[in-house]
Number of protein chains: 2
Amino acid sequence: VVDHAEFLHQVPDEALQEVLPAAKKIALALDCKDYNLLQNNGKLAHQAVGHVHFHLIPKLEDQGLHIKWQPLQTTSQQLEQLYKKLLSKQ
Amino acid sequence: VVDHAEFLHQVPDEALQEVLPAAKKIALALDCKDYNLLQNNGKLAHQAVGHVHFHLIPKLEDQGLHIKWQPLQTTSQQLEQLYKKLLSKQ
């Protein structure tokens, strides 16, 4: 039971656990075949309101979320280093 | 404990509850200030692999997720109708 958080990583786990089952309910009720779930953190990442919130966006042919995303190039070695770094921070 | 689901709305709640706390851990470990969490359902919605998965995308000035999204126009009345429709399907 938290009053407010600006970013996902500030939300207590108990509250986080409630979100996706609720999103699932909404998706089922909307009965939309294609949809995106989007949660933005920080102004750079398109967060326009300073409260954690999730967008469930039905996707039709010409409506909904359009994405442009160029993943960085990487190597197995770099991924392994990142994996170890993440593990070390658990 | 589910073996496979293609879409978010097919995943049992018990499995869904584990996702966001894990994403939070990764965000904290990456220590990126700005980031997007994105989950796509259906080919129209940019889902490229037929298994439920989440993208945690660090956002830098010129890297990461770019979004183009034109929300539909609506009215308070239409929103209220949608709200009632969703409630009736609970």
# chains A, B, ... in the order shown; residues from 1 in each chain; ligands from 1
$ interface_residues --of "chain A" --to "chain B" --cutoff "7 Å" --atoms "only C-alpha atoms" --output "PyMOL selection string"
chain A and resi 8-9+13+16-18+20-21+24+27-30+33-42+44-45+59+61+64-70+86+89
$ select_by_dssp --residues "chain A" --states "alpha helix (DSSP H)" --output "JSON, numbers by chain"
{"A": [13, 14, 15, 16, 17, 18, 19, 20, 21, 22, 23, 24, 25, 26, 27, 28, 29, 30, 76, 77, 78, 79, 80, 81, 82, 83, 84, 85, 86, 87, 88]}
$ select_by_dssp --residues "stretch 3-86 of chain A" --states "strand (DSSP E or B)" --output "list of chain:residue names"
A:Tyr35, A:Asn36, A:Leu37, A:Leu38, A:Gln39, A:Asn40, A:Asn41, A:His55, A:Leu56, A:Ile57, A:Pro58, A:Leu60, A:Gln63, A:Leu65, A:His66, A:Ile67, A:Lys68, A:Trp69
